[in-house]
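Peer 1: Below is final05.csv; it holds CSV, C-alpha atoms.
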```csv
chain,number,residue,atom,x,y,z
D,13,MET,CA,137.9,97.4,128.7
D,14,THR,CA,137.4,93.7,128.4
D,15,ARG,CA,136.9,91.2,131.2
D,16,ASN,CA,138.8,88.1,130.6
D,17,THR,CA,136.0,85.5,130.6
D,18,THR,CA,136.8,82.5,128.6
D,19,LEU,CA,136.2,83.4,125.1
D,20,ARG,CA,134.9,80.9,122.6
D,21,PRO,CA,134.5,81.0,118.8
D,22,PRO,CA,131.0,80.7,117.5
D,23,PRO,CA,129.7,77.2,116.6
D,24,LEU,CA,130.4,75.5,113.3
D,25,THR,CA,126.6,75.4,112.7
D,26,LEU,CA,126.9,78.9,111.4
D,27,LEU,CA,128.3,77.3,108.3
D,28,ASP,CA,125.0,75.4,107.6
D,29,LYS,CA,123.1,76.6,104.6
D,30,TYR,CA,120.0,78.6,105.3
D,31,HIS,CA,116.8,77.4,103.5
D,32,GLY,CA,114.4,80.2,104.5
D,33,LYS,CA,112.6,82.4,102.0
D,34,ASP,CA,113.1,85.7,103.7
D,35,ILE,CA,116.0,87.6,105.3
D,36,GLN,CA,116.3,86.4,108.8
D,37,THR,CA,118.0,88.9,111.1
D,38,LEU,CA,120.3,87.4,113.7
D,39,TYR,CA,121.8,90.5,115.1
D,40,SER,CA,121.0,94.2,114.8
D,41,THR,CA,122.9,97.2,116.2
D,42,THR,CA,122.5,100.9,115.9
D,43,VAL,CA,125.3,103.5,115.9
D,44,THR,CA,124.7,107.2,116.1
D,45,VAL,CA,127.1,109.8,114.9
D,46,THR,CA,126.9,113.4,116.0
D,47,GLY,CA,129.0,116.3,114.7
D,48,GLY,CA,130.8,117.7,117.7
D,49,GLU,CA,132.7,121.0,117.8
D,50,ALA,CA,132.9,121.6,114.0
D,51,ASN,CA,129.4,120.1,113.4
D,52,HIS,CA,131.1,117.8,111.0
D,53,GLY,CA,131.0,114.0,111.7
D,54,ARG,CA,134.3,113.3,110.0
D,55,ALA,CA,136.1,116.3,111.5
D,56,SER,CA,135.0,116.3,115.1
D,57,GLY,CA,132.2,113.7,115.5
D,58,LEU,CA,131.5,111.0,117.9
D,59,ALA,CA,130.3,107.5,116.9
D,60,ARG,CA,128.5,105.6,119.7
D,61,SER,CA,126.7,102.2,119.5
D,62,ASP,CA,123.4,101.6,121.3
D,63,ASP,CA,125.1,99.2,123.7
D,64,GLY,CA,128.0,101.5,124.4
D,65,GLU,CA,130.6,98.9,123.3
D,66,LEU,CA,131.7,101.2,120.4
D,67,SER,CA,132.5,104.8,121.3
D,68,VAL,CA,135.1,106.5,119.2
D,69,ASP,CA,136.1,110.0,118.4
D,70,LEU,CA,136.3,110.9,114.7
D,71,ARG,CA,139.0,113.2,113.3
D,72,LEU,CA,140.2,114.1,109.8
D,73,PRO,CA,143.5,112.4,109.1
D,74,LYS,CA,146.5,114.7,108.2
D,75,ALA,CA,146.2,113.6,104.5
D,76,LEU,CA,142.8,115.4,104.5
D,77,GLY,CA,144.0,118.5,106.4
D,78,GLY,CA,143.0,117.4,109.9
D,79,PRO,CA,145.0,116.8,113.1
D,80,GLY,CA,144.6,113.0,113.1
D,81,GLY,CA,144.4,111.6,116.6
D,82,GLY,CA,141.0,110.0,116.1
D,83,THR,CA,139.6,107.4,113.7
D,84,ASN,CA,137.7,107.9,110.5
D,85,PRO,CA,135.2,106.1,108.2
D,86,GLU,CA,137.9,104.4,106.1
D,87,GLN,CA,139.5,102.8,109.2
D,88,LEU,CA,136.1,101.7,110.5
D,89,PHE,CA,135.3,100.1,107.2
D,90,ALA,CA,138.7,98.4,107.0
D,91,ALA,CA,138.4,97.1,110.6
D,92,GLY,CA,134.9,95.8,110.1
D,93,TYR,CA,135.7,94.1,106.8
D,94,ALA,CA,138.9,92.5,108.1
D,95,ALA,CA,137.2,91.3,111.3
D,96,CYS,CA,134.3,89.7,109.5
D,97,PHE,CA,136.6,88.0,107.0
D,98,HIS,CA,138.9,86.8,109.8
D,99,GLY,CA,136.0,85.2,111.6
D,100,ALA,CA,134.6,83.5,108.4
D,101,LEU,CA,138.1,82.3,107.5
D,102,SER,CA,138.5,80.8,111.0
D,103,LEU,CA,135.2,78.9,110.8
D,104,LEU,CA,135.9,77.5,107.4
D,105,ALA,CA,139.4,76.4,108.5
D,106,ALA,CA,138.0,74.8,111.6
D,107,ARG,CA,135.5,72.8,109.6
D,108,ALA,CA,138.3,71.7,107.3
D,109,ALA,CA,140.5,70.9,110.3
D,110,ILE,CA,143.2,73.3,108.9
D,111,PRO,CA,145.1,74.9,111.8
D,112,ILE,CA,145.4,78.6,111.1
D,113,PHE,CA,146.6,79.9,114.4
D,114,GLY,CA,148.4,83.2,113.9
D,115,ALA,CA,146.3,84.2,110.9
D,116,SER,CA,145.9,87.9,110.3
D,117,VAL,CA,143.8,89.9,107.8
D,118,GLY,CA,144.9,93.4,106.7
D,119,VAL,CA,142.6,95.6,104.8
D,120,THR,CA,143.9,98.8,103.1
D,121,VAL,CA,141.1,101.3,102.2
D,122,ASP,CA,141.6,104.2,99.8
D,123,PHE,CA,139.3,107.2,99.9
D,124,GLY,CA,139.6,109.0,96.6
D,125,ARG,CA,138.1,110.7,93.6
D,126,ASP,CA,136.0,108.7,91.2
D,127,PRO,CA,136.6,109.5,87.5
D,128,MET,CA,133.1,108.1,86.6
D,129,ASP,CA,131.0,110.7,88.4
D,130,GLY,CA,133.6,113.2,89.6
D,131,LEU,CA,132.7,112.4,93.2
D,132,TYR,CA,134.2,110.0,95.7
D,133,VAL,CA,134.8,106.2,96.0
D,134,LEU,CA,136.2,103.8,98.5
D,135,THR,CA,138.4,100.8,97.4
D,136,ALA,CA,139.6,97.9,99.5
D,137,ARG,CA,142.6,95.7,99.2
D,138,MET,CA,142.9,92.8,101.5
D,139,ARG,CA,146.0,90.8,102.4
D,140,VAL,CA,145.5,87.5,104.2
D,141,HIS,CA,148.4,86.0,106.1
D,142,LEU,CA,148.1,82.3,106.9
D,143,PRO,CA,151.5,81.3,108.4
D,144,GLY,CA,152.3,77.6,108.0
D,145,VAL,CA,149.4,76.9,105.6
D,146,GLU,CA,150.4,75.6,102.2
D,147,ARG,CA,149.7,78.2,99.5
D,148,VAL,CA,147.3,76.1,97.4
D,149,ILE,CA,145.2,75.3,100.5
D,150,ALA,CA,145.4,78.9,101.8
D,151,GLU,CA,144.1,80.2,98.4
D,152,GLU,CA,141.2,77.8,98.4
D,153,LEU,CA,140.3,78.7,101.9
D,154,VAL,CA,140.4,82.4,101.0
D,155,ARG,CA,138.2,81.8,97.9
D,156,ASN,CA,135.6,80.1,100.0
D,157,THR,CA,135.7,82.8,102.6
D,158,GLU,CA,135.1,85.4,99.9
D,159,ARG,CA,131.8,83.7,99.1
D,160,PHE,CA,130.8,83.5,102.7
D,161,CYS,CA,131.7,86.9,104.3
D,162,PRO,CA,128.9,89.4,103.8
D,163,TYR,CA,131.3,92.3,103.6
D,164,THR,CA,132.9,90.7,100.5
D,165,LYS,CA,129.5,90.2,99.1
D,166,MET,CA,128.7,93.9,99.7
D,167,THR,CA,131.8,94.9,97.8
D,168,LYS,CA,130.7,92.7,94.9
D,169,GLN,CA,127.1,93.7,94.6
D,170,GLY,CA,126.1,96.2,97.3
D,171,ILE,CA,123.6,95.6,100.1
D,172,ALA,CA,120.0,96.4,100.9
D,173,SER,CA,120.0,99.9,102.2
D,174,VAL,CA,117.3,102.4,103.2
D,175,VAL,CA,118.0,106.0,103.9
D,176,SER,CA,115.3,108.0,105.6
D,177,LEU,CA,114.7,111.3,107.3
D,178,ALA,CA,113.5,111.0,110.9
D,179,GLU,CA,110.6,113.3,111.9
D,180,PRO,CA,111.8,116.0,114.3
D,181,ASP,CA,109.4,114.7,117.0
D,182,ASP,CA,110.5,111.0,116.6
D,183,ALA,CA,111.6,109.8,120.0
D,184,ASP,CA,115.2,108.8,120.2
D,185,ARG,CA,115.3,105.1,119.6
D,186,SER,CA,118.5,104.4,121.3
Y,26,MET,CA,143.4,114.2,122.5
Y,27,ASP,CA,144.0,117.9,121.6
Y,28,ASP,CA,140.5,119.2,120.7
Y,29,LYS,CA,141.4,122.8,119.9
Y,30,ASN,CA,140.2,124.3,116.7
Y,31,LEU,CA,138.8,121.3,115.0
Y,32,GLN,CA,137.6,122.4,111.6
Y,33,ALA,CA,135.4,120.9,109.0
Y,34,PRO,CA,137.1,120.3,105.7
Y,35,PRO,CA,136.9,122.9,102.9
Y,36,LEU,CA,133.9,123.3,100.7
Y,37,ALA,CA,136.3,122.7,97.8
Y,38,LEU,CA,135.7,119.0,98.5
Y,39,LEU,CA,132.3,119.5,96.8
Y,40,ASP,CA,134.0,120.5,93.5
Y,41,ARG,CA,133.6,117.9,90.8
Y,42,TYR,CA,136.8,116.0,89.9
Y,43,ARG,CA,137.7,116.1,86.2
Y,44,GLY,CA,140.5,113.5,86.1
Y,45,GLN,CA,140.4,110.3,84.2
Y,46,GLU,CA,141.9,108.0,86.8
Y,47,PHE,CA,141.1,107.1,90.3
Y,48,LEU,CA,142.8,109.6,92.6
Y,49,PRO,CA,143.5,108.4,96.1
Y,50,LEU,CA,143.4,111.2,98.7
Y,51,TYR,CA,143.8,109.1,101.8
Y,52,THR,CA,145.0,105.5,102.4
Y,53,THR,CA,144.8,103.6,105.6
Y,54,ARG,CA,145.4,100.0,106.7
Y,55,VAL,CA,143.8,98.0,109.5
Y,56,THR,CA,145.0,94.6,110.6
Y,57,VAL,CA,142.9,92.1,112.5
Y,58,SER,CA,144.4,89.2,114.4
Y,59,GLY,CA,142.4,86.4,116.1
Y,60,GLY,CA,143.4,86.6,119.7
Y,61,SER,CA,142.9,83.8,122.2
Y,62,THR,CA,140.3,81.8,120.2
Y,63,GLY,CA,142.0,82.5,116.8
Y,64,HIS,CA,138.6,83.8,115.6
Y,65,GLY,CA,138.6,87.5,114.7
Y,66,ARG,CA,135.0,88.2,115.6
Y,67,ALA,CA,135.2,86.3,118.9
Y,68,SER,CA,138.5,87.5,120.4
Y,69,GLY,CA,140.3,89.6,117.8
Y,70,VAL,CA,142.0,93.0,117.9
Y,71,ALA,CA,141.6,95.5,115.1
Y,72,ARG,CA,144.5,98.0,114.8
Y,73,SER,CA,145.1,100.7,112.3
Y,74,ASP,CA,148.6,101.5,110.9
Y,75,ASP,CA,148.6,104.9,112.7
Y,76,GLY,CA,147.3,103.4,116.0
Y,77,ASN,CA,144.3,105.7,116.1
Y,78,LEU,CA,141.9,102.8,115.8
Y,79,ASP,CA,142.7,100.0,118.3
Y,80,LEU,CA,139.7,98.0,119.3
Y,81,GLU,CA,138.9,94.6,120.8
Y,82,LEU,CA,136.3,92.5,119.0
Y,83,ARG,CA,133.8,90.3,120.8
Y,84,LEU,CA,130.7,88.3,119.8
Y,85,PRO,CA,127.5,90.0,121.0
Y,86,ALA,CA,125.1,88.1,123.2
Y,87,GLU,CA,123.0,87.1,120.2
Y,88,PHE,CA,125.9,84.9,119.1
Y,89,GLY,CA,126.6,83.5,122.5
Y,90,GLY,CA,129.4,85.9,123.2
Y,91,PRO,CA,130.0,88.1,126.2
Y,92,GLY,CA,129.6,91.4,124.4
Y,93,ASP,CA,132.3,93.6,126.0
Y,94,GLY,CA,133.8,94.6,122.7
Y,95,THR,CA,132.7,95.7,119.3
Y,96,ASN,CA,132.0,93.8,116.1
Y,97,PRO,CA,132.0,94.3,112.3
Y,98,GLU,CA,128.4,95.4,112.2
Y,99,GLN,CA,129.0,98.3,114.6
Y,100,LEU,CA,132.2,99.3,112.7
Y,101,PHE,CA,130.4,99.4,109.4
Y,102,ALA,CA,127.5,101.3,110.9
Y,103,ALA,CA,129.8,103.8,112.5
Y,104,GLY,CA,131.8,104.4,109.3
Y,105,PHE,CA,128.8,104.8,107.1
Y,106,ALA,CA,127.1,107.2,109.6
Y,107,ALA,CA,130.2,109.3,110.0
Y,108,CYS,CA,130.8,109.6,106.3
Y,109,PHE,CA,127.2,110.5,105.7
Y,110,HIS,CA,127.2,113.1,108.5
Y,111,GLY,CA,130.3,114.8,107.0
Y,112,ALA,CA,128.7,114.9,103.6
Y,113,LEU,CA,125.4,116.4,105.0
Y,114,ASN,CA,127.4,119.0,106.9
Y,115,LEU,CA,129.3,120.1,103.8
Y,116,LEU,CA,126.2,120.3,101.7
Y,117,ALA,CA,124.4,122.4,104.3
Y,118,LYS,CA,127.4,124.7,104.7
Y,119,ARG,CA,127.5,125.3,100.9
Y,120,ASP,CA,123.9,126.6,101.2
Y,121,GLY,CA,125.0,128.9,104.0
Y,122,LEU,CA,123.4,126.9,106.8
Y,123,LYS,CA,125.3,126.3,110.0
Y,124,LEU,CA,123.6,123.2,111.5
Y,125,ASP,CA,124.8,122.0,114.9
Y,126,ASP,CA,122.1,119.4,115.4
Y,127,ILE,CA,122.5,116.9,112.6
Y,128,ALA,CA,122.6,113.3,113.8
Y,129,VAL,CA,122.9,110.2,111.7
Y,130,GLU,CA,121.8,106.8,113.0
Y,131,ALA,CA,122.9,103.6,111.2
Y,132,GLU,CA,121.2,100.4,112.1
Y,133,VAL,CA,123.1,97.4,110.6
Y,134,SER,CA,121.6,93.9,110.7
Y,135,PHE,CA,123.5,90.7,110.1
Y,136,GLY,CA,121.3,87.9,108.9
Y,137,ARG,CA,120.7,85.0,106.7
Y,138,ASP,CA,120.3,85.6,103.0
Y,139,PRO,CA,117.6,83.6,101.3
Y,140,MET,CA,119.3,84.1,97.9
Y,141,ASP,CA,122.4,82.0,98.5
Y,142,GLY,CA,121.8,80.5,101.9
Y,143,GLY,CA,124.7,82.4,103.4
Y,144,TYR,CA,124.8,85.8,105.2
Y,145,ALA,CA,123.9,89.4,104.3
Y,146,LEU,CA,124.3,92.8,105.9
Y,147,VAL,CA,121.4,95.3,105.7
Y,148,ILE,CA,121.6,98.9,106.6
Y,149,ASP,CA,118.9,101.3,107.6
Y,150,LEU,CA,120.2,104.9,107.9
Y,151,ARG,CA,118.1,107.5,109.7
Y,152,VAL,CA,119.0,111.2,109.4
Y,153,ARG,CA,117.9,113.8,111.9
Y,154,MET,CA,118.0,117.5,110.8
Y,155,PRO,CA,115.5,119.0,113.2
Y,156,SER,CA,116.2,122.6,112.4
Y,157,VAL,CA,115.5,122.6,108.7
Y,158,GLU,CA,112.3,122.2,106.9
Y,159,ARG,CA,111.5,118.7,105.8
Y,160,ARG,CA,111.6,119.5,102.1
Y,161,VAL,CA,115.0,121.1,102.4
Y,162,ALA,CA,116.3,118.3,104.5
Y,163,GLU,CA,115.2,115.7,102.0
Y,164,GLU,CA,117.2,117.4,99.3
Y,165,PHE,CA,120.3,117.4,101.4
Y,166,VAL,CA,119.8,113.7,102.1
Y,167,ARG,CA,119.4,112.9,98.4
Y,168,ASN,CA,122.5,114.8,97.5
Y,169,ALA,CA,124.5,113.2,100.4
Y,170,GLU,CA,123.5,109.8,99.0
Y,171,ARG,CA,125.3,110.7,95.8
Y,172,LEU,CA,128.3,112.3,97.5
Y,173,CYS,CA,129.0,109.7,100.3
Y,174,PRO,CA,131.1,106.8,99.0
Y,175,TYR,CA,129.7,104.5,101.6
Y,176,ALA,CA,126.2,105.0,100.1
Y,177,LYS,CA,127.7,104.3,96.7
Y,178,MET,CA,129.3,101.1,97.9
Y,179,ALA,CA,126.0,100.0,99.4
Y,180,ARG,CA,124.3,100.6,96.1
Y,181,GLN,CA,126.7,99.1,93.7
Y,182,GLY,CA,129.6,97.5,95.5
Y,183,THR,CA,133.2,98.6,95.0
Y,184,VAL,CA,136.7,97.6,93.9
Y,185,ASN,CA,138.0,94.9,96.2
Y,186,ILE,CA,141.2,92.9,95.7
Y,187,VAL,CA,142.0,90.0,97.9
Y,188,ALA,CA,145.4,88.3,98.0
Y,189,VAL,CA,147.1,85.7,100.1
Y,190,VAL,CA,150.5,86.9,101.3
Y,191,ASP,CA,153.4,85.1,102.9
```
Just dump the structure as structure tokens.
Peer 2:
Amino acid sequence: MTRNTTLRPPPLTLLDKYHGKDIQTLYSTTVTVTGGEANHGRASGLARSDDGELSVDLRLPKALGGPGGGTNPEQLFAAGYAACFHGALSLLAARAAIPIFGASVGVTVDFGRDPMDGLYVLTARMRVHLPGVERVIAEELVRNTERFCPYTKMTKQGIASVVSLAEPDDADRS
Amino acid sequence: MDDKNLQAPPLALLDRYRGQEFLPLYTTRVTVSGGSTGHGRASGVARSDDGNLDLELRLPAEFGGPGDGTNPEQLFAAGFAACFHGALNLLAKRDGLKLDDIAVEAEVSFGRDPMDGGYALVIDLRVRMPSVERRVAEEFVRNAERLCPYAKMARQGTVNIVAVVD
């Protein structure tokens, strides 16, 4: 799928502190999920981004009674979180001139029942592997990344979210 | 992929849980490595333990990248919308409605946060349920907001444990 142009990491200026008074959007993307054969997004849905770069079939995993063979919201969350954290970690390491080649970030997500409200909850466990980096340095790097990565921030305090019902005659925006 | 006889999960998923501990029903792990630049967002690969998710990550043009791959914002949007879609379908089915035209759009923005000078994600979720009356659809959406654990995470965060491993 990917042309092998020379890929570059983003500039270190992304680490500069922002002094504006309002949220400043840098990138915005829309993904639409439809239900497919079973009319159920998790069981038979399709998730597609407006630019077409993400297009994945969704299936229930065997643990939830499905056939597997497709992805699911838990994997998508784990992938997004791990990718965001990996990027942030790389930038902070580059600024500190700590070589972290071979670094990997694994996120395990549990979907389960929440004893507080009797409904459902997601939990995340992240393991960061930094081969060749001294443990005390690795831990400090990871602590700093936790403050910087907006996914981590979301797990701590939530995010701004709006849920709305589109009018039936709204034109498709994508 | 074998697409025969895909079925929505049972309505019993809507039953309230009475246990006193967190009860995991499904666990999955995804690992991201950095690729040629060593930077997960710019050249990484995200792969799940079962291999069903296997995606290349690229910076979008807005960040000076080539596009040509996905990114954390799209992955979050897709997961949230899929989870919400499933919740809506179950709630409608419990009320005896067979809706084949639900669509959920999630718009995720990545931007600068004035509170801490760092970054924040913002999500705007738009639900389309064109074949039910607006008042009914609104109630489904309200109930799905309680049921869907992505919506819960967006409201209040969630348990997150981070460790450095050898």
Peer 1: Using only C-alpha atoms, which protein or nucleic acid residues come within 12 Å of Arg155 of chain D? Drop anything in the same chain fewer than 5 positions from it, and give the result as a ChimeraX atom specification.
Peer 2: /D:97,100-101,104-105,140,148-150,160-161,164 /Y:186-189
Peer 1: Work out how far atom CA of Ala145 of chain Y is from atom CA of Lys33 of chain D, in Å to one decimal.
Peer 2: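 Atom CA of Ala145 of chain Y lies at a distance of 13.5 Å from atom CA of Lys33 of chain D.
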Peer 1: Using all atoms listed in the file, what residues lie at most 12 Å away from (122.3, 126.0, 115.3) (file coordinates), given as a list in words?
Peer 2: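 Every residue inside that radius is included here: Gly47, Glu49, Ala50 and Asn51 of chain D; Ala117, Lys118, Gly121, Leu122, Lys123, Leu124, Asp125, Asp126, Ile127, Met154, Pro155, Ser156 and Val157 of chain Y.
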Peer 1: Around the point (142.4, 93.9, 120.4) in the file's coordinates, collect all residues with an atom within 10 Å, using only C-alpha atoms, and return them as a ChimeraX atom specification.
Peer 2: /D:14 /Y:57-60,65,68-72,79-83,94-95
Peer 1: Counting only C-alpha atoms, figure out which residue out of D:Val145, D:Leu131, D:Leu19, D:Ala106 gets nearest to Arg66 of chain Y.
Peer 2: D:Leu19
Peer 1: For His141 of chain D, which of Y:Leu38, Y:Cys108, Y:Ala103, Y:Val190 is the closest residue, counting all atoms listed in the file?
Peer 2: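 Distance minimum relative to His141 of chain D lands on Y:Val190.
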Peer 1: Which neighbours of Thr37 of chain D fall inside 7 Å, counting only C-alpha atoms, when residues of the same chain fewer than 4 positions from it are skipped, and could you give them as a ChimeraX atom specification?
Peer 2: /Y:134-137
Peer 1: Any chance you can output those residues with C-alpha atoms as a PDB file, in the coordinates of the input?
Peer 2:
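Ended up saving to again-v5.pdb:
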```pdb
ATOM      1  CA  SER Y 134     121.600  93.900 110.700  1.00  0.00           C
ATOM      2  CA  PHE Y 135     123.500  90.700 110.100  1.00  0.00           C
ATOM      3  CA  GLY Y 136     121.300  87.900 108.900  1.00  0.00           C
ATOM      4  CA  ARG Y 137     120.700  85.000 106.700  1.00  0.00           C
TER       5      ARG Y 137
END
```
Peer 1: With all atoms listed in the file as the counted atoms, please give the residues lying no more than 6 Å from segment 74-91 of chain D, apart from itself and same-chain residues fewer than 5 positions off, as a list of chain:residue names.
Peer 2: D:Asp69, D:Val119, D:Val121, Y:Tyr51, Y:Val55, Y:Ala71, Y:Asn77, Y:Leu78, Y:Leu100, Y:Phe101, Y:Gly104, Y:Cys108
Peer 1: Using only C-alpha atoms, pick whichever of D:Gly114, D:Gly124, D:Gly57, D:Gly48 has the shortest atom-to-atom distance to chain Y.
Peer 2: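 Among the listed residues, D:Gly124 lies closest to chain Y.
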Peer 1: In Å, with one decimal, what is the gap from atom CA of Ser73 of chain Y to atom CA of Ser67 of chain D?
Peer 2: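 Answer for the atom CA of Ser73 of chain Y to atom CA of Ser67 of chain D separation: 16.0 Å.
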Peer 1: Would you mind completing segment 86-98 of chain Y so that it carries N, CA and C atoms, and writing it out as a short mmCIF file (atom, residue, chain, number, x, y, z; two decimals), in the coordinates of the input?
Peer 2:
```cif
data_model
loop_
_atom_site.label_atom_id
_atom_site.label_comp_id
_atom_site.auth_asym_id
_atom_site.auth_seq_id
_atom_site.Cartn_x
_atom_site.Cartn_y
_atom_site.Cartn_z
N ALA Y 86 125.91 89.11 122.56
CA ALA Y 86 125.10 88.10 123.20
C ALA Y 86 124.30 87.23 122.28
N GLU Y 87 123.82 87.85 121.20
CA GLU Y 87 123.00 87.10 120.20
C GLU Y 87 123.74 85.93 119.62
N PHE Y 88 125.06 85.99 119.61
CA PHE Y 88 125.90 84.90 119.10
C PHE Y 88 126.52 84.08 120.19
N GLY Y 89 126.01 84.23 121.38
CA GLY Y 89 126.60 83.50 122.50
C GLY Y 89 127.83 84.04 123.08
N GLY Y 90 128.15 85.28 122.71
CA GLY Y 90 129.40 85.90 123.20
C GLY Y 90 129.08 86.74 124.46
N PRO Y 91 130.14 87.31 125.03
CA PRO Y 91 130.00 88.10 126.20
C PRO Y 91 129.71 89.58 125.97
N GLY Y 92 129.61 89.99 124.69
CA GLY Y 92 129.60 91.40 124.40
C GLY Y 92 130.97 91.97 124.80
N ASP Y 93 131.02 93.10 125.48
CA ASP Y 93 132.30 93.60 126.00
C ASP Y 93 133.33 93.95 124.94
N GLY Y 94 132.89 94.16 123.75
CA GLY Y 94 133.80 94.60 122.70
C GLY Y 94 132.93 94.89 121.49
N THR Y 95 133.55 95.38 120.44
CA THR Y 95 132.70 95.70 119.30
C THR Y 95 132.75 94.62 118.25
N ASN Y 96 132.13 94.86 117.12
CA ASN Y 96 132.00 93.80 116.10
C ASN Y 96 131.87 94.47 114.72
N PRO Y 97 131.98 93.67 113.68
CA PRO Y 97 132.00 94.30 112.30
C PRO Y 97 130.76 95.07 111.99
N GLU Y 98 129.61 94.68 112.52
CA GLU Y 98 128.40 95.40 112.20
C GLU Y 98 128.42 96.83 112.77
#
```
